[in-house]
Each structure stands twice: as C-alpha cells, then as structure tokens.
Amino acid sequence: MTSGDLPLLVIPGDDPVQIAGSPRLDSLAEHYSIRLFDNRPSSDEEKLERAAGATAMINSRGAVTWPGEVLAQLPDLKFISTCGIGTDSIDLEACRRLGIVVSNIPGRTAPVVAEHAFALMMAISRKTSYFTEAMKRNNWHQVLSTSLSGKTLGVIGTGNIGTEMIRLSRAFGMEVIAWSFHPDPSKAEQWDFQYVERDEVFRRSDVVSLHVKLTDDSRHLVTSRELDLMSRGSLLVNTARGAVVDTSAVVDALNSGHLGGAALDVFETEPLEADHPLTQCEHVVLTPHCADQTPEGNDLLNLGATENAIAFAEGQPQNIVT
C-alpha cells in the first residue's frame with residue numbers, strides 16, 4: 001500500500017515543537033500518511049484548511065483548540081489523540097455527537113509532572129525567585145522562608161499525578177491530607193495519607209497542591225472563599241489547569257499578604273500576558289505550562305500519542321475519553 005492509499009493523519013500546530021522530528025513518528029508510516037505543521041494556525045479557517053480530509057489527528061499542543069463548530073466541518077475526522085492527559089482544548093460533547101473518538105495519555109508522565117510540582121513547592125517555600133530578583137538588584141537581605149519537613153500538604157485530586165506528589169512529599173517528611181472527586185482508600189493506605197472534606201484541606205494545610213483535570217465541576221474550584229480558609233502565610237501550587245483557580249482571587253490574596261506564595265505552571269490565559277497582575281506579585285514562581293516538558297517526558301507523550309493512533313487504525317482504540 002502506498003502512502004497515497006493510507007488515511008491521512010494531521011498534526012495541526014506543533015509549536016513549540018513536541019512531536020516533530022521524533023522517531024516515534026516512524027511507527028505511524030504503515031498506518032497513515034502524515035501531514036505536520038510546525039506553527040500554530042492563526043484562525044479557525046486555517047485549522048479547517050490544515051485538517052481537511054484527515055481521518056485522524058494528533059493535537060500535540062493544547063493551545064490549538066477544537067470547538068464544536070469547527071469539528072462539525074470535518075466530516076472525515078474520526079479520531080483525535082492529545083499529547084497529554086488534558087482534553088480541555090477539544091469540545092468533547094461535539095465529538096460524541098459527531099462520532100469522533102478522543103484518546104489521551106493518562107499516567108505516563110505522572111512522575112515528571114509531580115517532580116515539577118514538588119520543585120515549585122520547594123521554590124516558593126524557600127522564596128528562591130524572590131531572593132534571586134532581590135540579589136539581581138544588589139539587594140542583599142534576608143526574610144524567613146518556610147521549612148517543609150513536618151508541615152501539612154493538602155492535595156486536591158489523587159489521580160496519577162496527585163498520588164506521585166503525595167509519594168514525594170511523604171518521603172520528604174510531610175504530613176498529607178487529600179480530597180478527590182474519586183477517593184481511593186487503597187491509595188490512602190499505601191501512601192499513608194488521609195482523605196478529608198475539601199474545606200478541611202484548605203483549613204489544615206500549610207501547602208495546597210492542585211491535581212484535578214479541568215471540567216465544569218472543577219472550574220474555579222479555588223476561589224476567594226477557599227483561599228480565605230487557608231491560614232495566613234500558607235502556599236498554593238497549581239500544575240493542573242489555570243481555570244481551576246480564580247486568578248484574580250489569588251492575586252488579591254498574595255497582595256494582601258494572606259497567601260504567603262503561589263507557584264503556578266498553568267494560567268487561565270496562555271501565554272501569560274507580559275503585564276498580567278501575577279507578574280507584579282512578589283512571592284510567586286511562574287513557569288510556562290512546562291511541567292511535563294523534559295526529553296524523557298516528551299518521548300513518553302509522543303510514544304503514547306502514536307500508540308493511540310495505531311490502536312485506532314487497527315480497530316482497537318485505547319485510552320478513550322469519549
């Protein structure tokens with residue numbers, strides 16, 4: 001079978017580079033003809049041009065979004081794989097109506113993402129960004145930072161990443177309490193933590209770390225109400241999705257001094273605007289949605305996406321979200 005006889009798989013906007021040049025793409029050659037674009041589409045019209053005629057798609061970057069009205073204009077499209085666990089860039093309800101199978105990559109990069117979340121927690125507790133900026137201004141001064149050993153970590157969401165964060169934090173000597181939409185008592189027993197009510201997580205924790213996917217139920221899960229429950233000087237870490245928190249409430253809590261610091265890898269609007277109020281806050285650590293972006297993490301994601309596409313081509317789709 002020639003490449004012209006194979007169904008078309010489109011990678012519509014691989015920017016910044018995620019899968020372009022990956023040896024994992026070679027495994028698709030027997031199943032698909034591949035069309036890859038290494039810059040982001042500038043409009044819905046350009047998305048349609050790029051995806052025209054495609055049977056399958058690997059949406060390697062969540063910044064390339066697929067609303068229902070665009071998907072409805074792609075009658076040949078039958079399958080989409082993300083290059084990660086998140087599917088909030090895709091209108092899943094529209095996919096259900098249109099018969100488009102959506103697969104993601106759950107769990108593979110959990111240790112990579114949790115390592116980043118743990119690094120963010122360390123950075124904000126020890127005020128490394130704050131001290132670095134001060135020293136760049138030749139301002140040698142000391143303020144108290146926070147020791148984490150013996151402190152209480154509250155984890156919101158105990159899926160693969162949240163559980164790995166718990167494992168790292170318990171090994172570091174922290175006490176852990178947690179809340180989840182889907183609590184798993186066996187995990188609590190294995191990793192020696194306690195499930196409590198959601199409000200209690202915020203009341204009791206020295207650090208709260210967020211690890212839930214973005215859904216209608218989790219959007220703005222953390223607002224001024226939850227932040228007010230936290231003790232003065234406590235810390236917030238978010239490697240989930242930006243819209244899980246009300247950003248304006250976080251800015252207010254930081255500026256008032258109630259929140260001792262926030263370490264964020266995700267934002268309600270990405271990229272983060274240069275003059276965003278968060279950038280004016282003293283005690284923040286900000287990273288550009290890169291928690292899984294290491295060579296090892298990228299390879300795991302690329303492997304997962306190509307395996308999903310091959311499984312669909314062979315009539316046995318896996319990791320199905322809808």
# chains A, B, ... in the order shown; residues from 1 in each chain; ligands from 1
$ residues_around --residues "Met174 of chain A" --least-positions-apart "3" --cutoff "9 Å" --atoms "only C-alpha atoms" --output "ChimeraX atom specification"
/A:148-153,166,169-171
$ residues_around --residues "Met230 of chain A" --least-positions-apart "4" --cutoff "10 Å" --atoms "only C-alpha atoms" --output "list in words"
Asp199, Glu200, Val201, Phe202, Arg203, Arg204, Ser205, Asp206, Val207, Val208, Ser224, Arg225, Glu226, Ser234, Leu235, Leu236, His258 and Leu259 of chain A
$ closest_residue --among "A:Leu28, A:Val143, A:Val10, A:Leu229" --to "Glu314 of chain A" --atoms "only C-alpha atoms"
A:Leu28
$ residues_around --residues "segment 217-222 of chain A" --least-positions-apart "5" --cutoff "12 Å" --atoms "only C-alpha atoms" --output "JSON, numbers by chain"
{"A": [88, 156, 157, 180, 181, 198, 199, 201, 202, 208, 209, 210, 211, 212, 227, 228, 229, 230, 236, 237, 238, 240, 241, 242, 243, 244, 245, 246, 247, 248, 249, 250, 253, 267, 268]}
$ write_last_selection --atoms "N, CA, C and O atoms" --output "CSV table (one decimal), in the first residue's frame"
chain,number,residue,atom,x,y,z
A,88,ASP,N,-9.1,19.5,27.5
A,88,ASP,CA,-9.9,20.7,27.6
A,88,ASP,C,-9.8,21.6,26.3
A,88,ASP,O,-10.6,22.5,26.1
A,156,ILE,N,-5.4,18.3,46.3
A,156,ILE,CA,-6.7,18.2,45.7
A,156,ILE,C,-6.6,17.4,44.4
A,156,ILE,O,-6.1,17.9,43.4
A,157,GLY,N,-7.1,16.2,44.4
A,157,GLY,CA,-7.1,15.3,43.3
A,157,GLY,C,-6.0,14.3,43.4
A,157,GLY,O,-4.8,14.6,43.5
A,180,SER,N,-10.6,14.3,46.8
A,180,SER,CA,-10.7,13.9,45.4
A,180,SER,C,-12.1,13.7,45.0
A,180,SER,O,-13.0,13.3,45.9
A,181,PHE,N,-12.4,14.0,43.8
A,181,PHE,CA,-13.7,13.6,43.2
A,181,PHE,C,-13.9,12.1,43.3
A,181,PHE,O,-15.1,11.6,43.4
A,198,ARG,N,-13.3,18.7,51.6
A,198,ARG,CA,-12.5,19.7,50.8
A,198,ARG,C,-12.1,20.9,51.6
A,198,ARG,O,-11.0,21.4,51.6
A,199,ASP,N,-13.1,21.5,52.3
A,199,ASP,CA,-12.8,22.6,53.1
A,199,ASP,C,-11.7,22.4,54.2
A,199,ASP,O,-10.9,23.3,54.5
A,201,VAL,N,-9.2,20.4,53.9
A,201,VAL,CA,-7.9,20.5,53.2
A,201,VAL,C,-7.3,21.9,53.2
A,201,VAL,O,-6.2,22.2,53.6
A,202,PHE,N,-8.2,22.9,52.9
A,202,PHE,CA,-7.7,24.3,52.9
A,202,PHE,C,-7.5,24.8,54.3
A,202,PHE,O,-6.5,25.6,54.5
A,208,VAL,N,-1.2,23.8,49.7
A,208,VAL,CA,-2.2,23.1,48.9
A,208,VAL,C,-1.7,23.0,47.5
A,208,VAL,O,-1.3,23.9,46.8
A,209,SER,N,-1.7,21.7,47.0
A,209,SER,CA,-1.3,21.5,45.6
A,209,SER,C,-2.5,20.9,44.8
A,209,SER,O,-3.1,19.9,45.3
A,210,LEU,N,-2.7,21.4,43.6
A,210,LEU,CA,-3.9,21.1,42.8
A,210,LEU,C,-3.5,20.1,41.7
A,210,LEU,O,-2.6,20.3,40.9
A,211,HIS,N,-4.3,19.0,41.6
A,211,HIS,CA,-4.1,18.0,40.6
A,211,HIS,C,-5.4,17.4,40.0
A,211,HIS,O,-5.5,16.2,39.9
A,212,VAL,N,-6.3,18.3,39.7
A,212,VAL,CA,-7.5,17.8,39.1
A,212,VAL,C,-7.6,18.2,37.6
A,212,VAL,O,-7.0,19.2,37.2
A,227,LEU,N,-9.5,30.3,49.5
A,227,LEU,CA,-8.2,31.0,49.9
A,227,LEU,C,-8.4,31.6,51.3
A,227,LEU,O,-7.4,31.5,52.1
A,228,ASP,N,-9.6,32.1,51.6
A,228,ASP,CA,-9.8,32.7,53.0
A,228,ASP,C,-9.8,31.6,54.0
A,228,ASP,O,-9.4,31.9,55.2
A,229,LEU,N,-10.1,30.3,53.7
A,229,LEU,CA,-10.0,29.2,54.6
A,229,LEU,C,-8.6,28.9,55.0
A,229,LEU,O,-8.3,28.4,56.1
A,230,MET,N,-7.6,29.2,54.1
A,230,MET,CA,-6.2,28.8,54.3
A,230,MET,C,-5.6,29.7,55.4
A,230,MET,O,-6.0,30.9,55.5
A,236,LEU,N,0.2,28.0,47.8
A,236,LEU,CA,-0.6,27.4,46.8
A,236,LEU,C,0.3,27.0,45.6
A,236,LEU,O,1.1,27.8,45.1
A,237,VAL,N,0.1,25.7,45.1
A,237,VAL,CA,0.8,25.2,43.9
A,237,VAL,C,-0.2,24.7,42.9
A,237,VAL,O,-1.1,23.9,43.3
A,238,ASN,N,-0.1,25.1,41.7
A,238,ASN,CA,-1.0,24.6,40.7
A,238,ASN,C,-0.3,24.2,39.4
A,238,ASN,O,0.3,25.0,38.7
A,240,ALA,N,-2.2,21.9,37.6
A,240,ALA,CA,-3.4,21.2,36.9
A,240,ALA,C,-3.8,22.0,35.7
A,240,ALA,O,-3.3,21.7,34.6
A,241,ARG,N,-4.7,22.9,35.8
A,241,ARG,CA,-5.1,23.8,34.7
A,241,ARG,C,-5.4,25.2,35.4
A,241,ARG,O,-5.8,25.3,36.5
A,242,GLY,N,-5.1,26.2,34.6
A,242,GLY,CA,-5.2,27.6,35.2
A,242,GLY,C,-6.6,27.9,35.7
A,242,GLY,O,-6.8,28.6,36.7
A,243,ALA,N,-7.6,27.5,34.9
A,243,ALA,CA,-9.0,27.8,35.3
A,243,ALA,C,-9.5,27.1,36.5
A,243,ALA,O,-10.7,27.3,36.9
A,244,VAL,N,-8.7,26.2,37.1
A,244,VAL,CA,-9.1,25.5,38.3
A,244,VAL,C,-9.2,26.6,39.5
A,244,VAL,O,-9.9,26.4,40.4
A,245,VAL,N,-8.4,27.6,39.3
A,245,VAL,CA,-8.4,28.7,40.3
A,245,VAL,C,-8.9,30.0,39.7
A,245,VAL,O,-8.8,30.2,38.5
A,246,ASP,N,-9.5,30.8,40.6
A,246,ASP,CA,-9.8,32.2,40.2
A,246,ASP,C,-8.6,33.0,40.4
A,246,ASP,O,-8.2,33.4,41.5
A,247,THR,N,-8.0,33.4,39.2
A,247,THR,CA,-6.7,34.1,39.3
A,247,THR,C,-6.8,35.4,40.0
A,247,THR,O,-5.8,35.8,40.8
A,248,SER,N,-7.8,36.1,39.8
A,248,SER,CA,-7.9,37.4,40.5
A,248,SER,C,-7.9,37.3,42.0
A,248,SER,O,-7.4,38.1,42.7
A,249,ALA,N,-8.6,36.2,42.5
A,249,ALA,CA,-8.6,35.9,43.9
A,249,ALA,C,-7.2,35.6,44.4
A,249,ALA,O,-6.9,36.0,45.5
A,250,VAL,N,-6.4,34.9,43.6
A,250,VAL,CA,-5.1,34.5,44.0
A,250,VAL,C,-4.2,35.8,44.1
A,250,VAL,O,-3.5,36.0,45.1
A,253,ALA,N,-5.1,37.7,47.2
A,253,ALA,CA,-4.7,37.0,48.4
A,253,ALA,C,-3.1,37.2,48.6
A,253,ALA,O,-2.6,37.3,49.7
A,267,PHE,N,-2.2,28.7,33.6
A,267,PHE,CA,-2.9,30.0,33.7
A,267,PHE,C,-4.2,30.0,33.0
A,267,PHE,O,-4.4,29.3,32.0
A,268,GLU,N,-5.1,30.9,33.4
A,268,GLU,CA,-6.4,30.9,32.7
A,268,GLU,C,-6.3,31.4,31.3
A,268,GLU,O,-7.1,31.0,30.4
$ atom_distance --atom1 "atom CA of Pro111 of chain A" --atom2 "atom CA of Ile320 of chain A"
21.8 Å
$ closest_atom_pairs --of "segment 287-309 of chain A" --to "segment 90-109 of chain A" --cutoff "7 Å" --atoms "only C-alpha atoms" --output "Markdown table"
| residue | atom | partner | partner_atom | distance |
| --- | --- | --- | --- | --- |
| A:Asp292 | CA | A:Thr109 | CA | 6.5 |
| A:Gly297 | CA | A:Thr109 | CA | 5.8 |
| A:Leu300 | CA | A:Arg108 | CA | 6.5 |
| A:Leu301 | CA | A:Ile105 | CA | 6.9 |
| A:Gly304 | CA | A:Ile105 | CA | 5.8 |
| A:Ala305 | CA | A:Ile105 | CA | 6.9 |
| A:Asn308 | CA | A:Ser103 | CA | 6.8 |
$ select_by_dssp --residues "segment 152-277 of chain A" --states "helix (DSSP H, G or I)" --output "PyMOL selection string"
chain A and resi 160-171+185-191+198-204+224-229+242-244+247-256+277
$ write_last_selection --atoms "C-alpha atoms" --output "PDB file, in the first residue's frame"
ATOM      1  CA  ASN A 160      -1.725   9.523  38.954  1.00  0.00           C
ATOM      2  CA  ILE A 161      -0.002  12.902  39.343  1.00  0.00           C
ATOM      3  CA  GLY A 162      -1.552  13.741  42.702  1.00  0.00           C
ATOM      4  CA  THR A 163      -0.573  10.334  44.064  1.00  0.00           C
ATOM      5  CA  GLU A 164       3.000  10.756  42.866  1.00  0.00           C
ATOM      6  CA  MET A 165       3.114  14.181  44.541  1.00  0.00           C
ATOM      7  CA  ILE A 166       1.944  12.526  47.739  1.00  0.00           C
ATOM      8  CA  ARG A 167       4.679   9.884  47.471  1.00  0.00           C
ATOM      9  CA  LEU A 168       7.401  12.511  47.028  1.00  0.00           C
ATOM     10  CA  SER A 169       6.088  14.656  49.854  1.00  0.00           C
ATOM     11  CA  ARG A 170       5.719  11.789  52.308  1.00  0.00           C
ATOM     12  CA  ALA A 171       9.321  10.780  51.564  1.00  0.00           C
ATOM     13  CA  PRO A 185      -8.947   4.220  50.126  1.00  0.00           C
ATOM     14  CA  SER A 186      -6.317   1.753  48.909  1.00  0.00           C
ATOM     15  CA  LYS A 187      -4.088   4.661  47.862  1.00  0.00           C
ATOM     16  CA  ALA A 188      -4.536   6.305  51.247  1.00  0.00           C
ATOM     17  CA  GLU A 189      -3.450   3.109  52.944  1.00  0.00           C
ATOM     18  CA  GLN A 190      -0.497   2.536  50.621  1.00  0.00           C
ATOM     19  CA  TRP A 191       0.902   6.065  50.828  1.00  0.00           C
ATOM     20  CA  ARG A 198     -12.495  19.659  50.818  1.00  0.00           C
ATOM     21  CA  ASP A 199     -12.824  22.649  53.143  1.00  0.00           C
ATOM     22  CA  GLU A 200     -10.722  20.846  55.717  1.00  0.00           C
ATOM     23  CA  VAL A 201      -7.884  20.516  53.204  1.00  0.00           C
ATOM     24  CA  PHE A 202      -7.750  24.295  52.875  1.00  0.00           C
ATOM     25  CA  ARG A 203      -8.120  24.915  56.612  1.00  0.00           C
ATOM     26  CA  ARG A 204      -5.423  22.498  57.759  1.00  0.00           C
ATOM     27  CA  SER A 224     -11.552  33.689  47.418  1.00  0.00           C
ATOM     28  CA  ARG A 225     -13.720  31.525  49.674  1.00  0.00           C
ATOM     29  CA  GLU A 226     -11.228  28.647  49.677  1.00  0.00           C
ATOM     30  CA  LEU A 227      -8.225  30.970  49.925  1.00  0.00           C
ATOM     31  CA  ASP A 228      -9.797  32.659  52.957  1.00  0.00           C
ATOM     32  CA  LEU A 229      -9.999  29.240  54.622  1.00  0.00           C
ATOM     33  CA  GLY A 242      -5.224  27.582  35.170  1.00  0.00           C
ATOM     34  CA  ALA A 243      -9.002  27.816  35.293  1.00  0.00           C
ATOM     35  CA  VAL A 244      -9.138  25.532  38.334  1.00  0.00           C
ATOM     36  CA  THR A 247      -6.685  34.061  39.294  1.00  0.00           C
ATOM     37  CA  SER A 248      -7.914  37.444  40.478  1.00  0.00           C
ATOM     38  CA  ALA A 249      -8.618  35.944  43.901  1.00  0.00           C
ATOM     39  CA  VAL A 250      -5.077  34.541  44.042  1.00  0.00           C
ATOM     40  CA  VAL A 251      -3.616  37.957  43.139  1.00  0.00           C
ATOM     41  CA  ASP A 252      -5.683  39.623  45.855  1.00  0.00           C
ATOM     42  CA  ALA A 253      -4.651  37.036  48.442  1.00  0.00           C
ATOM     43  CA  LEU A 254      -0.976  37.467  47.516  1.00  0.00           C
ATOM     44  CA  ASN A 255      -1.088  41.246  47.572  1.00  0.00           C
ATOM     45  CA  SER A 256      -2.851  41.314  50.927  1.00  0.00           C
ATOM     46  CA  PRO A 277      -1.085  41.191  37.677  1.00  0.00           C
TER      47      PRO A 277
END
$ select_by_dssp --residues "segment 75-154 of chain A" --states "strand (DSSP E or B)" --output "list in words"
Phe79, Ile80, Ser81, Thr82, Ile90, Val101, Val102, Ser103, Thr152, Leu153 and Gly154 of chain A
$ atom_distance --atom1 "atom CA of Ala263 of chain A" --atom2 "atom CA of Ser231 of chain A"
16.8 Å
$ residues_around --residues "Thr82 of chain A" --least-positions-apart "6" --cutoff "6 Å" --atoms "only C-alpha atoms" --output "list in words"
Ile58, Asn59, Ser60 and Asn104 of chain A
$ write_last_selection --atoms "all heavy atoms" --output "mmCIF file, in the first residue's frame"
data_model
loop_
_atom_site.group_PDB
_atom_site.id
_atom_site.type_symbol
_atom_site.label_atom_id
_atom_site.label_comp_id
_atom_site.auth_asym_id
_atom_site.auth_seq_id
_atom_site.Cartn_x
_atom_site.Cartn_y
_atom_site.Cartn_z
ATOM 1 N N ILE A 58 -3.340 14.141 15.672
ATOM 2 C CA ILE A 58 -2.631 14.227 16.951
ATOM 3 C C ILE A 58 -2.532 15.701 17.283
ATOM 4 O O ILE A 58 -1.822 16.454 16.607
ATOM 5 C CB ILE A 58 -1.240 13.580 16.881
ATOM 6 C CG1 ILE A 58 -1.367 12.060 16.700
ATOM 7 C CG2 ILE A 58 -0.452 13.885 18.162
ATOM 8 C CD1 ILE A 58 -0.032 11.337 16.577
ATOM 9 N N ASN A 59 -3.281 16.123 18.291
ATOM 10 C CA ASN A 59 -3.273 17.529 18.696
ATOM 11 C C ASN A 59 -2.156 17.701 19.714
ATOM 12 O O ASN A 59 -2.358 17.572 20.919
ATOM 13 C CB ASN A 59 -4.630 17.923 19.286
ATOM 14 C CG ASN A 59 -4.845 19.423 19.242
ATOM 15 O OD1 ASN A 59 -4.627 20.046 18.209
ATOM 16 N ND2 ASN A 59 -5.270 19.997 20.346
ATOM 17 N N SER A 60 -0.961 17.971 19.200
ATOM 18 C CA SER A 60 0.228 17.933 20.053
ATOM 19 C C SER A 60 0.311 19.116 20.996
ATOM 20 O O SER A 60 1.063 19.062 21.972
ATOM 21 C CB SER A 60 1.492 17.855 19.188
ATOM 22 O OG SER A 60 1.590 18.977 18.325
ATOM 23 N N ASN A 104 -6.533 10.104 25.183
ATOM 24 C CA ASN A 104 -5.484 10.897 25.835
ATOM 25 C C ASN A 104 -4.375 9.978 26.317
ATOM 26 O O ASN A 104 -4.332 8.803 25.950
ATOM 27 C CB ASN A 104 -6.067 11.749 26.963
ATOM 28 C CG ASN A 104 -6.535 10.917 28.146
ATOM 29 O OD1 ASN A 104 -6.651 9.687 28.066
ATOM 30 N ND2 ASN A 104 -6.832 11.571 29.247
#
